[in-house]
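Engineer: The file below is final-v1.txt, compact mmCIF, C-alpha atoms and all ligand atoms:
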```txt
# COMPACT_ATOMS: atom_id res chain seq x y z
CA MET A 1 -3.91 -33.14 9.74
CA ALA A 2 -2.90 -33.21 6.06
CA ALA A 3 0.03 -35.35 4.98
CA GLN A 4 3.34 -33.51 4.66
CA GLY A 5 3.77 -31.75 1.34
CA GLY A 6 0.54 -30.28 0.14
CA GLU A 7 -0.36 -27.36 -2.04
CA VAL A 8 -1.03 -23.79 -1.07
CA LEU A 9 -2.99 -21.60 -3.45
CA VAL A 10 -2.24 -17.90 -3.02
CA ALA A 11 -4.76 -15.51 -4.60
CA GLY A 12 -3.36 -12.08 -5.48
CA ALA A 13 0.13 -11.03 -6.56
CA GLY A 14 0.52 -7.80 -4.61
CA PHE A 15 2.82 -7.31 -1.62
CA ALA A 16 0.98 -9.79 0.61
CA GLY A 17 0.49 -12.53 -2.00
CA LEU A 18 4.08 -12.45 -3.22
CA GLU A 19 5.50 -12.28 0.29
CA ALA A 20 3.38 -15.32 1.28
CA ALA A 21 4.46 -17.29 -1.79
CA LEU A 22 8.14 -16.46 -1.25
CA ALA A 23 7.96 -17.10 2.51
CA LEU A 24 6.35 -20.53 2.09
CA ARG A 25 9.20 -21.90 0.06
CA VAL A 26 11.80 -20.78 2.59
CA ILE A 27 10.05 -21.67 5.82
CA ALA A 28 8.77 -25.04 4.58
CA HIS A 29 12.15 -25.81 3.00
CA GLY A 30 10.70 -26.21 -0.49
CA ARG A 31 8.33 -29.01 0.59
CA VAL A 32 5.11 -27.11 -0.08
CA ARG A 33 3.91 -26.53 -3.65
CA VAL A 34 2.74 -22.97 -4.16
CA ARG A 35 0.44 -21.77 -6.94
CA LEU A 36 -0.21 -18.08 -7.37
CA LEU A 37 -3.58 -17.11 -8.86
CA THR A 38 -3.21 -13.73 -10.52
CA PRO A 39 -4.80 -11.76 -13.35
CA ALA A 40 -1.54 -9.84 -13.94
CA ASN A 41 1.78 -10.65 -15.59
CA VAL A 42 3.69 -8.06 -13.62
CA PHE A 43 4.10 -6.94 -10.04
CA THR A 44 3.54 -3.20 -9.85
CA TYR A 45 5.49 -1.42 -7.15
CA VAL A 46 2.60 0.87 -6.21
CA PRO A 47 4.46 3.17 -3.77
CA ALA A 48 6.53 4.50 -6.69
CA ALA A 49 3.33 6.04 -8.11
CA VAL A 50 3.95 9.17 -6.04
CA ILE A 51 7.17 10.01 -7.87
CA GLU A 52 6.01 9.07 -11.37
CA PRO A 53 4.09 12.32 -12.04
CA PHE A 54 7.40 14.16 -11.69
CA GLN A 55 9.73 12.07 -13.82
CA ASP A 56 9.58 10.45 -17.24
CA ALA A 57 10.94 7.00 -16.47
CA ALA A 58 8.42 4.24 -15.83
CA TRP A 59 10.41 1.77 -13.77
CA ALA A 60 8.21 0.29 -11.13
CA GLN A 61 7.16 -3.06 -12.60
CA VAL A 62 8.69 -6.51 -12.28
CA PRO A 63 7.67 -9.52 -14.44
CA LEU A 64 6.04 -12.10 -12.18
CA THR A 65 7.92 -14.85 -14.01
CA SER A 66 11.16 -13.45 -12.52
CA LEU A 67 9.75 -13.63 -9.00
CA ALA A 68 8.32 -17.11 -9.67
CA ARG A 69 11.80 -18.24 -10.69
CA VAL A 70 13.31 -16.87 -7.48
CA GLY A 71 10.47 -18.17 -5.31
CA GLY A 72 9.91 -21.55 -6.96
CA PHE A 73 6.15 -21.07 -7.31
CA THR A 74 3.94 -21.57 -10.36
CA MET A 75 1.35 -19.17 -11.66
CA VAL A 76 -2.25 -19.63 -12.72
CA LYS A 77 -3.70 -16.79 -14.76
CA GLY A 78 -7.12 -15.78 -13.46
CA MET A 79 -9.11 -14.23 -10.65
CA LEU A 80 -10.51 -15.67 -7.47
CA GLY A 81 -14.32 -15.74 -7.81
CA ILE A 82 -15.90 -17.95 -5.13
CA VAL A 83 -14.36 -19.88 -2.24
CA GLU A 84 -15.85 -23.29 -1.44
CA ALA A 85 -13.97 -23.79 1.82
CA GLU A 86 -15.71 -27.07 2.73
CA GLU A 87 -14.63 -28.53 -0.60
CA GLY A 88 -11.11 -27.07 -0.43
CA ALA A 89 -11.62 -25.39 -3.78
CA VAL A 90 -12.08 -22.03 -5.44
CA ILE A 91 -13.99 -21.13 -8.57
CA THR A 92 -12.28 -18.54 -10.74
CA THR A 93 -14.27 -15.70 -12.28
CA ASP A 94 -14.09 -17.53 -15.64
CA GLY A 95 -15.54 -20.70 -14.11
CA ARG A 96 -12.50 -22.92 -13.50
CA ARG A 97 -12.28 -24.98 -10.34
CA LEU A 98 -8.94 -25.08 -8.49
CA SER A 99 -8.43 -27.23 -5.43
CA TYR A 100 -6.03 -26.53 -2.59
CA ASP A 101 -4.85 -27.85 0.76
CA ALA A 102 -4.59 -24.31 2.13
CA LEU A 103 -5.69 -21.04 0.57
CA VAL A 104 -4.15 -17.61 1.25
CA VAL A 105 -6.41 -14.76 0.11
CA ALA A 106 -4.38 -11.63 -0.62
CA VAL A 107 -6.51 -9.76 -3.13
CA GLY A 108 -6.10 -6.28 -1.60
CA ALA A 109 -8.72 -3.66 -0.87
CA ARG A 110 -11.22 -1.95 -3.16
CA ARG A 111 -10.38 1.67 -3.78
CA ARG A 112 -13.38 3.97 -3.75
CA THR A 113 -13.96 7.56 -4.77
CA TRP A 114 -15.75 9.30 -1.92
CA LEU A 115 -15.47 13.09 -2.10
CA ARG A 116 -18.06 14.66 -4.39
CA GLY A 117 -16.48 17.22 -6.71
CA ALA A 118 -12.84 16.14 -6.23
CA ASP A 119 -10.66 16.55 -9.34
CA ILE A 120 -8.74 13.32 -8.76
CA THR A 121 -9.01 10.36 -6.41
CA PHE A 122 -5.42 9.17 -6.36
CA ARG A 123 -5.55 5.36 -6.26
CA GLY A 124 -2.06 4.57 -7.56
CA THR A 125 -0.42 4.11 -10.94
CA GLU A 126 -3.67 4.50 -12.90
CA ASP A 127 -3.96 8.12 -11.73
CA VAL A 128 -0.38 9.20 -12.37
CA ARG A 129 -1.17 10.77 -15.75
CA ALA A 130 -4.13 12.72 -14.42
CA TYR A 131 -2.05 14.00 -11.51
CA ARG A 132 0.75 15.01 -13.84
CA ARG A 133 -1.76 16.97 -15.96
CA LEU A 134 -3.13 18.66 -12.85
CA VAL A 135 0.36 19.69 -11.70
CA ASP A 136 1.20 20.99 -15.19
CA GLU A 137 -2.03 23.00 -15.23
CA VAL A 138 -1.36 24.42 -11.76
CA HIS A 139 2.19 25.28 -12.81
CA ALA A 140 0.98 27.07 -15.96
CA LEU A 141 -1.57 29.11 -14.00
CA ALA A 142 0.96 30.01 -11.31
CA ALA A 143 3.57 30.93 -13.91
CA GLY A 144 0.95 33.27 -15.38
CA GLY A 145 0.62 35.01 -12.01
CA VAL A 146 -2.53 33.26 -10.73
CA GLY A 147 -2.63 32.16 -7.07
CA ILE A 148 -3.84 28.57 -6.65
CA ASP A 149 -5.03 26.60 -3.62
CA LEU A 150 -4.36 22.87 -3.97
CA ALA A 151 -5.96 20.68 -1.30
CA ILE A 152 -4.84 17.09 -0.79
CA VAL A 153 -7.44 15.29 1.29
CA VAL A 154 -7.02 12.19 3.45
CA PRO A 155 -10.36 10.46 4.14
CA SER A 156 -11.41 9.24 7.56
CA GLY A 157 -11.66 5.43 7.75
CA PRO A 158 -9.38 2.91 6.04
CA THR A 159 -7.02 4.57 3.55
CA TRP A 160 -3.37 5.03 2.57
CA SER A 161 -2.32 8.30 4.20
CA LEU A 162 1.47 8.26 3.72
CA PRO A 163 1.32 8.87 -0.06
CA ALA A 164 -0.90 11.92 0.49
CA TYR A 165 1.96 13.58 2.38
CA GLU A 166 4.45 12.50 -0.26
CA LEU A 167 2.30 13.95 -3.06
CA ALA A 168 2.05 17.23 -1.16
CA LEU A 169 5.81 17.40 -0.45
CA LEU A 170 6.86 16.32 -3.95
CA THR A 171 4.40 18.72 -5.61
CA ALA A 172 5.64 21.63 -3.51
CA ALA A 173 9.28 20.75 -4.31
CA HIS A 174 8.48 20.34 -8.02
CA LEU A 175 6.73 23.72 -8.26
CA ARG A 176 9.39 25.46 -6.22
CA ALA A 177 12.09 24.12 -8.55
CA ARG A 178 10.13 25.71 -11.41
CA ASN A 179 9.78 29.07 -9.65
CA ALA A 180 6.04 28.61 -9.17
CA GLY A 181 6.06 27.60 -5.51
CA GLY A 182 5.21 31.04 -4.16
CA ARG A 183 1.84 31.25 -5.89
CA VAL A 184 0.63 27.74 -5.07
CA ARG A 185 -0.60 26.96 -1.56
CA VAL A 186 -0.61 23.24 -0.91
CA THR A 187 -2.74 22.12 2.06
CA ILE A 188 -3.20 18.66 3.53
CA VAL A 189 -6.67 18.16 4.95
CA THR A 190 -6.78 15.09 7.17
CA ALA A 191 -8.96 13.47 9.78
CA GLU A 192 -5.80 12.35 11.64
CA ASP A 193 -5.00 14.18 14.91
CA ARG A 194 -1.55 14.93 13.56
CA PRO A 195 0.24 13.98 10.33
CA LEU A 196 0.76 10.19 10.30
CA SER A 197 -0.14 10.05 13.99
CA LEU A 198 -0.25 6.25 13.75
CA PHE A 199 3.55 6.25 13.46
CA GLY A 200 3.88 8.09 16.77
CA THR A 201 4.87 11.46 18.11
CA ALA A 202 8.41 11.43 16.74
CA ALA A 203 7.17 10.75 13.20
CA SER A 204 4.47 13.44 13.45
CA ASP A 205 7.03 15.95 14.75
CA ALA A 206 9.43 15.16 11.92
CA LEU A 207 6.74 15.24 9.26
CA GLU A 208 5.33 18.53 10.51
CA GLY A 209 8.85 19.98 10.25
CA LEU A 210 9.24 18.64 6.71
CA LEU A 211 5.84 20.01 5.65
CA HIS A 212 6.68 23.38 7.18
CA ASP A 213 10.03 23.50 5.35
CA HIS A 214 8.22 22.77 2.07
CA GLY A 215 5.58 25.42 2.76
CA VAL A 216 2.79 22.80 2.96
CA ALA A 217 -0.03 23.69 5.37
CA VAL A 218 -1.91 21.04 7.38
CA ARG A 219 -5.50 20.96 8.65
CA PRO A 220 -5.49 18.00 11.07
CA GLY A 221 -8.63 16.62 12.71
CA THR A 222 -10.64 17.80 9.72
CA VAL A 223 -13.18 15.83 7.71
CA ALA A 224 -14.08 17.05 4.22
CA ARG A 225 -17.64 16.54 2.97
CA SER A 226 -17.62 17.82 -0.63
CA ARG A 227 -16.03 20.24 -3.02
CA VAL A 228 -18.23 23.00 -4.37
CA GLY A 229 -16.74 25.41 -6.90
CA GLY A 230 -13.51 26.80 -5.48
CA ALA A 231 -14.15 25.60 -1.93
CA LEU A 232 -13.82 22.47 0.14
CA VAL A 233 -16.81 22.06 2.42
CA LEU A 234 -15.90 20.58 5.80
CA SER A 235 -18.13 18.54 8.10
CA SER A 236 -18.14 21.51 10.50
CA GLY A 237 -19.79 23.57 7.74
CA GLU A 238 -16.68 25.71 7.31
CA GLN A 239 -15.40 26.21 3.77
CA ILE A 240 -11.77 26.54 2.77
CA GLY A 241 -10.37 27.72 -0.56
CA ALA A 242 -9.57 24.84 -2.92
CA ASP A 243 -9.08 25.51 -6.63
CA ARG A 244 -7.90 21.94 -7.15
CA VAL A 245 -8.81 18.99 -4.92
CA VAL A 246 -7.04 15.62 -4.84
CA THR A 247 -8.08 12.87 -2.44
CA MET A 248 -6.67 9.52 -1.49
CA ALA A 249 -9.03 6.61 -2.11
CA ALA A 250 -11.28 5.34 0.68
CA LEU A 251 -10.74 1.61 1.08
CA SER A 252 -13.26 -1.17 1.52
CA GLY A 253 -12.89 -4.93 1.61
CA PRO A 254 -13.02 -7.34 -1.34
CA GLU A 255 -16.22 -9.17 -0.23
CA VAL A 256 -15.13 -12.56 -1.46
CA PRO A 257 -18.18 -14.81 -2.08
CA GLY A 258 -18.03 -17.82 0.23
CA LEU A 259 -16.01 -16.04 2.92
CA PRO A 260 -17.18 -13.99 5.91
CA ALA A 261 -16.91 -10.20 5.73
CA THR A 262 -17.03 -7.24 8.09
CA PRO A 263 -19.62 -4.52 7.36
CA LEU A 264 -16.98 -2.79 5.19
CA GLY A 265 -16.33 -6.02 3.28
CA PHE A 266 -12.96 -6.90 4.84
CA LEU A 267 -12.00 -10.49 5.71
CA PRO A 268 -12.04 -11.05 9.48
CA VAL A 269 -8.77 -12.74 10.47
CA GLU A 270 -7.43 -14.34 13.62
CA GLN A 271 -4.01 -13.43 15.05
CA ASP A 272 -2.42 -16.34 13.17
CA GLY A 273 -3.84 -15.27 9.80
CA ARG A 274 -6.74 -17.71 9.57
CA VAL A 275 -10.02 -16.35 8.25
CA ALA A 276 -12.54 -16.53 11.09
CA HIS A 277 -14.85 -19.59 11.14
CA THR A 278 -13.43 -20.92 7.87
CA GLU A 279 -11.49 -24.15 7.47
CA GLY A 280 -8.22 -24.07 5.55
CA VAL A 281 -8.39 -20.41 4.49
CA LEU A 282 -5.98 -17.66 5.50
CA ALA A 283 -5.77 -14.03 4.48
CA ALA A 284 -3.21 -11.24 4.56
CA GLY A 285 -2.80 -7.60 3.64
CA ASP A 286 -5.23 -4.84 2.79
CA ALA A 287 -8.05 -7.35 2.18
CA THR A 288 -8.24 -8.15 5.90
CA ASP A 289 -9.91 -6.33 8.76
CA PHE A 290 -6.57 -5.28 10.30
CA PRO A 291 -7.09 -1.51 10.42
CA VAL A 292 -3.65 -0.42 9.18
CA LYS A 293 -3.42 -0.56 5.39
CA GLN A 294 0.26 -0.61 4.50
CA GLY A 295 2.54 -2.68 2.30
CA GLY A 296 4.99 -3.48 5.10
CA VAL A 297 2.20 -4.62 7.42
CA ALA A 298 0.70 -6.65 4.54
CA CYS A 299 4.03 -8.50 4.25
CA GLN A 300 4.18 -9.17 7.99
CA MET A 301 0.65 -10.61 7.88
CA ALA A 302 1.69 -12.72 4.90
CA ASP A 303 4.65 -14.20 6.81
CA THR A 304 2.33 -15.10 9.69
CA ALA A 305 -0.23 -16.65 7.31
CA ALA A 306 2.48 -18.58 5.44
CA ALA A 307 3.82 -20.12 8.66
CA THR A 308 0.29 -21.03 9.79
CA ALA A 309 -0.44 -22.60 6.40
CA ALA A 310 2.74 -24.69 6.63
CA VAL A 311 1.77 -25.88 10.11
CA MET A 312 -1.75 -26.71 8.86
CA LEU A 313 -0.16 -28.91 6.19
CA GLY A 314 1.81 -30.80 8.82
CA HIS A 315 5.23 -29.20 8.49
CA PRO A 316 7.37 -28.71 11.61
CA VAL A 317 7.50 -24.94 11.27
CA ASP A 318 7.66 -22.39 14.05
CA PRO A 319 4.70 -20.02 13.97
CA ILE A 320 5.52 -16.41 13.05
CA PRO A 321 3.46 -14.33 15.50
CA PHE A 322 1.91 -11.19 14.05
CA ALA A 323 3.64 -8.33 15.90
CA PRO A 324 3.01 -5.43 13.54
CA ARG A 325 5.77 -2.92 13.09
CA LEU A 326 5.16 0.07 10.85
CA ARG A 327 8.03 1.03 8.61
CA GLY A 328 7.59 3.98 6.27
CA GLN A 329 9.89 5.85 3.97
CA VAL A 330 8.70 9.37 3.15
CA TRP A 331 9.85 10.72 -0.20
CA SER A 332 10.01 14.49 -0.38
CA GLY A 333 12.42 15.15 -3.25
CA ALA A 334 15.44 15.23 -0.93
CA ASP A 335 16.81 12.60 1.48
CA ALA A 336 14.17 10.04 2.43
CA SER A 337 12.84 10.12 5.99
CA PHE A 338 12.62 6.67 7.54
CA ILE A 339 9.95 6.24 10.20
CA ARG A 340 9.31 3.19 12.31
CA SER A 341 6.80 2.38 14.97
CA ASP A 342 6.07 -0.72 16.97
CA LEU A 343 2.32 -1.30 16.97
CA ALA A 344 2.56 -4.46 19.03
CA GLY A 345 4.56 -3.13 21.98
CA GLY A 346 2.54 -0.82 24.24
CA ARG A 347 2.27 2.61 22.68
CA ASP A 348 3.16 5.68 24.65
CA GLU A 349 3.48 9.33 23.82
CA SER A 350 7.00 8.95 22.45
CA HIS A 351 6.65 5.77 20.39
CA GLY A 352 8.19 5.85 16.95
CA VAL A 353 11.68 6.39 15.56
CA VAL A 354 12.75 8.73 12.77
CA SER A 355 15.92 8.97 10.72
CA VAL A 356 16.60 11.28 7.79
CA GLY A 357 18.86 9.76 5.13
CA GLU A 358 20.06 6.77 7.20
CA PRO A 359 17.95 3.61 6.76
CA LEU A 360 16.33 2.16 9.87
CA TRP A 361 16.11 -1.31 8.28
CA TRP A 362 17.98 -3.32 5.68
CA PRO A 363 17.59 -3.70 2.77
CA PRO A 364 16.03 -0.24 2.90
CA GLY A 365 13.02 -0.90 0.63
CA LYS A 366 10.14 1.56 0.67
CA VAL A 367 7.98 -1.39 1.59
CA ALA A 368 9.73 -3.66 4.04
CA GLY A 369 8.97 -7.35 3.35
CA ARG A 370 11.22 -9.98 4.88
CA PHE A 371 11.30 -12.20 1.79
CA LEU A 372 9.97 -9.91 -0.96
CA THR A 373 12.45 -7.08 -0.41
CA THR A 374 15.31 -9.54 -0.47
CA ALA A 375 14.00 -11.11 -3.68
CA LEU A 376 13.60 -7.71 -5.31
CA GLU A 377 17.06 -6.68 -4.26
CA GLY A 378 18.63 -9.85 -5.62
CA GLY A 379 20.51 -10.23 -8.91
CA ASP A 380 18.68 -9.54 -12.15
CA LEU A 381 15.54 -8.32 -10.37
CA ARG A 382 17.39 -5.34 -9.02
CA GLU A 383 18.17 -4.34 -12.59
CA VAL A 384 14.56 -4.79 -13.64
CA LEU A 385 13.32 -2.62 -10.82
CA ARG A 386 16.34 -0.30 -10.92
CA ASP A 387 17.19 1.48 -7.75
CA LEU A 388 14.50 1.84 -5.12
CA ALA A 389 16.32 4.69 -3.42
CA PRO A 390 14.24 7.89 -3.35
CA PRO A 391 14.63 9.86 -6.57
CA ARG A 392 15.53 13.50 -6.17
CA LEU A 393 13.68 16.41 -7.67
CA PRO A 394 13.76 18.38 -9.90
CA GLY A 395 12.91 15.48 -12.23
CA ARG A 396 11.55 15.95 -15.71
CA SER A 397 12.40 19.06 -17.64
C1 LIG B 1 0.31 5.69 -4.13
C2 LIG B 1 0.53 4.71 -3.02
C3 LIG B 1 1.70 4.76 -2.28
C4 LIG B 1 1.90 3.87 -1.22
N1 LIG B 1 3.06 3.94 -0.51
C5 LIG B 1 3.32 3.01 0.45
C6 LIG B 1 4.57 3.01 1.13
O1 LIG B 1 5.44 3.86 0.89
N2 LIG B 1 4.79 2.05 2.05
C7 LIG B 1 3.87 1.08 2.33
O2 LIG B 1 4.14 0.20 3.15
N3 LIG B 1 2.66 1.06 1.71
C8 LIG B 1 2.37 2.00 0.77
N4 LIG B 1 1.17 1.99 0.11
C9 LIG B 1 0.17 1.00 0.51
C10 LIG B 1 0.48 -0.35 -0.14
O3 LIG B 1 0.65 -0.20 -1.53
C11 LIG B 1 -0.66 -1.31 0.15
O4 LIG B 1 -0.89 -1.36 1.53
C12 LIG B 1 -0.26 -2.69 -0.36
O5 LIG B 1 -0.21 -2.67 -1.77
C13 LIG B 1 -1.22 -3.78 0.11
O6 LIG B 1 -0.76 -5.00 -0.38
P1 LIG B 1 -1.78 -6.19 -0.69
O7 LIG B 1 -0.95 -7.28 -1.29
O8 LIG B 1 -2.60 -6.48 0.48
O9 LIG B 1 -2.78 -5.61 -1.80
P2 LIG B 1 -2.45 -5.13 -3.26
O10 LIG B 1 -1.10 -4.56 -3.35
O11 LIG B 1 -3.61 -4.28 -3.65
O12 LIG B 1 -2.44 -6.46 -4.13
C14 LIG B 1 -3.60 -7.21 -4.36
C15 LIG B 1 -3.40 -7.96 -5.67
O13 LIG B 1 -4.49 -8.86 -5.86
C16 LIG B 1 -4.96 -8.76 -7.19
N5 LIG B 1 -6.37 -9.15 -7.18
C17 LIG B 1 -7.45 -8.38 -6.93
N6 LIG B 1 -8.57 -9.13 -6.99
C18 LIG B 1 -8.15 -10.38 -7.27
C19 LIG B 1 -8.84 -11.61 -7.43
N7 LIG B 1 -10.19 -11.71 -7.32
N8 LIG B 1 -8.12 -12.73 -7.72
C20 LIG B 1 -6.74 -12.67 -7.82
N9 LIG B 1 -6.04 -11.53 -7.67
C21 LIG B 1 -6.75 -10.41 -7.39
C22 LIG B 1 -4.72 -7.32 -7.58
O14 LIG B 1 -4.63 -7.21 -9.00
C23 LIG B 1 -3.38 -7.04 -6.89
O15 LIG B 1 -2.29 -7.39 -7.70
C24 LIG B 1 0.93 2.89 -0.92
C25 LIG B 1 -0.26 2.84 -1.67
C26 LIG B 1 -0.45 3.74 -2.72
C27 LIG B 1 -1.72 3.67 -3.53
```
The structure given in the file should be rewritten as structure tokens.
Ligand SMILES: Cc1cc2nc3c(=O)[nH]c(=O)nc-3n(C[C@H](O)[C@H](O)[C@H](O)COP(=O)(O)OP(=O)(O)OC[C@H]3O[C@@H](n4cnc5c(N)ncnc54)[C@H](O)[C@@H]3O)c2cc1C

Structural biologist:
Amino acid sequence: MAAQGGEVLVAGAGFAGLEAALALRVIAHGRVRVRLLTPANVFTYVPAAVIEPFQDAAWAQVPLTSLARVGGFTMVKGMLGIVEAEEGAVITTDGRRLSYDALVVAVGARRRTWLRGADITFRGTEDVRAYRRLVDEVHALAAGGVGIDLAIVVPSGPTWSLPAYELALLTAAHLRARNAGGRVRVTIVTAEDRPLSLFGTAASDALEGLLHDHGVAVRPGTVARSRVGGALVLSSGEQIGADRVVTMAALSGPEVPGLPATPLGFLPVEQDGRVAHTEGVLAAGDATDFPVKQGGVACQMADTAAATAAVMLGHPVDPIPFAPRLRGQVWSGADASFIRSDLAGGRDESHGVVSVGEPLWWPPGKVAGRFLTTALEGGDLREVLRDLAPPRLPGRS
């Protein structure tokens, strides 16, 4: 067992990496040194990307130096290249060697385009402009009297499905506010049995109601194969009208050299966050083989990994068991819908809780992270990030 103290290197400054870095300081009472290896200077609040096509303000970034100040960690600029677990060291992509007592890998998933012929694969902030252009184009055509079918497609396999529903709802609300709703048919095409079925029956019921109220159609249990001309070709061979096609990215793992990987490239992790068959290395978030890809779940994995890392370094810390609870906030241009589901407790037909307008957790961040949400809500950071309450449409003029 390592002597008390020790240094944890966290690779990746997304939800999981930041949550792990912030958690370590608190749970190990400031006795662990934390270094964050990151290529970025800012933390981008990715979930806000769904509202950005509809408003002018760009407000979803926080300087990492502010979070480092709150969390008491230091930063190393660079990218994780190779892990040499037996040596307790990593090699960065620019050839530097960094040693550690424990390593937390939180580098996220790779986002892949997958649907041939799609107009946009919506991966996050980098596709906001393209989506805004597409909505403007659809609006102009509809305003000119042309009927348009817009399909928003959720892939089968690992993906982020919640933002697909938000894009559909927000687009429908945006067009309706500009008197173009009637000529645009927005359809969600998804392999899920029901919308967000992972969150349970109550959430699916509520979301179906919301989609219906916004005039958004849903094709559940449907896998799209390609887009050809004005049609979406389904795996059944059927074709449905689709003048514009937007998909969510298909996710695969980061395939970190030196670490084991599943066939899709994800890091296999144990219940306590340790990477399988690898000494001194933990992982959290979308990079791992846990099948649910979600910021809130990434934070819960990070808390578990942080506690395990502290124990590995000899600190008297209680483990934080991974008992995943899904918490989602659906933005639709009106009151946010809060949905919650306990993945750890046995699931039955009625699992899941829904509330419209009233938060089901506090602080009511869109991504619920025990330490990160609190840090973001605190003092000057709140001003940097402004208000994370759901913006209302109509937005830009
Ligand atoms: C549009 C959109 C909306 C979403 N909405 C929600 C929502 O409402 N609620 C929710 O819970 N989830 C939501 N998600 C999902 C959520 O954003 C992800 O599940 C979450 O970001 C995963 O966190 P992570 O830290 O594992 O990975 P990431 O957030 O991807 O962070 C990984 C970080 O590692 C960095 N990195 C990559 N490679 C390296 C390397 N080699 N070395 C060092 N650093 C590296 C990356 O630059 C990045 O900063 C949404 C996703 C999208 C795209």

Engineer: Which residues are near A:Gly328? Cut-off 9 Å, all atoms listed in the file, ignore same chain within fewer than 3 positions. Put them as a VMD selection string.

Structural biologist: chain A and resid 162 199 294 296 337 to 341 366 to 368

Engineer: Mind writing the picked residues with C-alpha atoms as a PDB file, in the coordinates of the input?

Structural biologist:
```pdb
ATOM      1  CA  LEU A 162       1.470   8.260   3.720  1.00  0.00           C
ATOM      2  CA  PHE A 199       3.550   6.250  13.460  1.00  0.00           C
ATOM      3  CA  GLN A 294       0.260  -0.610   4.500  1.00  0.00           C
ATOM      4  CA  GLY A 296       4.990  -3.480   5.100  1.00  0.00           C
ATOM      5  CA  SER A 337      12.840  10.120   5.990  1.00  0.00           C
ATOM      6  CA  PHE A 338      12.620   6.670   7.540  1.00  0.00           C
ATOM      7  CA  ILE A 339       9.950   6.240  10.200  1.00  0.00           C
ATOM      8  CA  ARG A 340       9.310   3.190  12.310  1.00  0.00           C
ATOM      9  CA  SER A 341       6.800   2.380  14.970  1.00  0.00           C
ATOM     10  CA  LYS A 366      10.140   1.560   0.670  1.00  0.00           C
ATOM     11  CA  VAL A 367       7.980  -1.390   1.590  1.00  0.00           C
ATOM     12  CA  ALA A 368       9.730  -3.660   4.040  1.00  0.00           C
TER      13      ALA A 368
END
```

Engineer: Of the candidates A:Ile188, A:Val246, A:Leu24, A:Val76, which shows the shortest atom-to-atom distance to A:Leu134, using all atoms listed in the file?

Structural biologist: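 Looking at the shortest contact to A:Leu134, the residue is A:Val246.
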
Engineer: Using atom C7 of ligand LIG 1 (chain B) and atom CA of A:Thr308 as the two end points, give the distance in Å to one decimal.

Structural biologist: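 Computing it gives 23.6 Å between the two atoms.
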
Engineer: Have a look at A:Gly117, A:Gly230, A:Gly295, A:Gly237 and name the one nearest to ligand LIG 1 (chain B); count all atoms listed in the file.

Structural biologist: A:Gly295

Engineer: Looking at all atoms listed in the file, which of A:Pro321, A:Gly352, A:Pro163, A:Gly71 is the one that sits closest to A:Ser204?

Structural biologist: A:Gly352

Engineer: List all protein, DNA and RNA residues that have at least one atom no more than 7 Å from any atom of ligand LIG 1 (chain B), counting all atoms listed in the file, and write them as a PyMOL selection string.

Structural biologist: chain A and resi 11-17+37-40+43+46-50+78-81+106-109+123-124+160+162-163+284-287+293-298+327-330+366-368

Engineer: As a list in words, please: the residues near A:Gly209 (cut-off 12 Å, all atoms listed in the file, same-chain neighbours under 6 positions excluded).

Structural biologist: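 Near neighbours after the sequence-gap exclusion: Leu169, Pro195, Ala202, Ala203, Gly215, Val216, Ala217, Val218, Ser337 and Val356 of chain A.
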
Engineer: Expressed in Å to a single decimal, how great is the separation between atom CA of A:Ala302 and atom CA of A:Arg33?

Structural biologist: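 For atom CA of A:Ala302 relative to atom CA of A:Arg33, the distance reads 16.4 Å.
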
Engineer: Show me, as a count of residues only, the residues that have an atom within 12 Å of A:Leu313 when counting only C-alpha atoms, minus same-chain residues fewer than 6 positions from it.

Structural biologist: 21

Engineer: Please return, as a PyMOL selection string, all polymer residues that have at least one atom within 6 Å of the point (7.9, -1.7, -8.0); use all atoms listed in the file and the file's own coordinate frame.

Structural biologist: chain A and resi 44-45+60-61

Engineer: Env of A:Thr159: 12 Å cut, atoms = all atoms listed in the file, seq-sep filter 2 positions within chain, self excluded. Answer as a PyMOL selection string.

Structural biologist: chain A and resi 109-114+121-123+153-157+161-164+190-192+196+247-253+286+290-294

Engineer: Would you list the contacts of A:Phe266 as number ranges by chain, taking every protein, DNA or RNA residue within 6 Å and counting all atoms listed in the file, but skipping same-chain residues closer than 2 positions in sequence?

Structural biologist: A: 253, 261-262, 264, 287-289

Engineer: Give the answer as one residue: which of A:Tyr165, A:Gly241, A:Ala323, A:Glu279 has the shortest atom-to-atom distance to A:Glu208, using only C-alpha atoms?

Structural biologist: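 Using only C-alpha atoms, A:Glu208 sits closest to A:Tyr165.
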
Engineer: Measure the distance from atom CA of A:Leu22 to atom CA of A:Ile82 in Å and round it to one decimal.

Structural biologist: 24.4 Å

Engineer: Grab all the atoms of stretch 209-224 of chain A that the file lists, wrap them in a box along x, y and z, add 6 Å per side, and give me centre plus edge lengths in Å (one decimal) as AutoDock Vina command-line options.

Structural biologist:
```
--center_x -2.0 --center_y 20.6 --center_z 7.4 --size_x 36.1 --size_y 21.6 --size_z 22.6
```
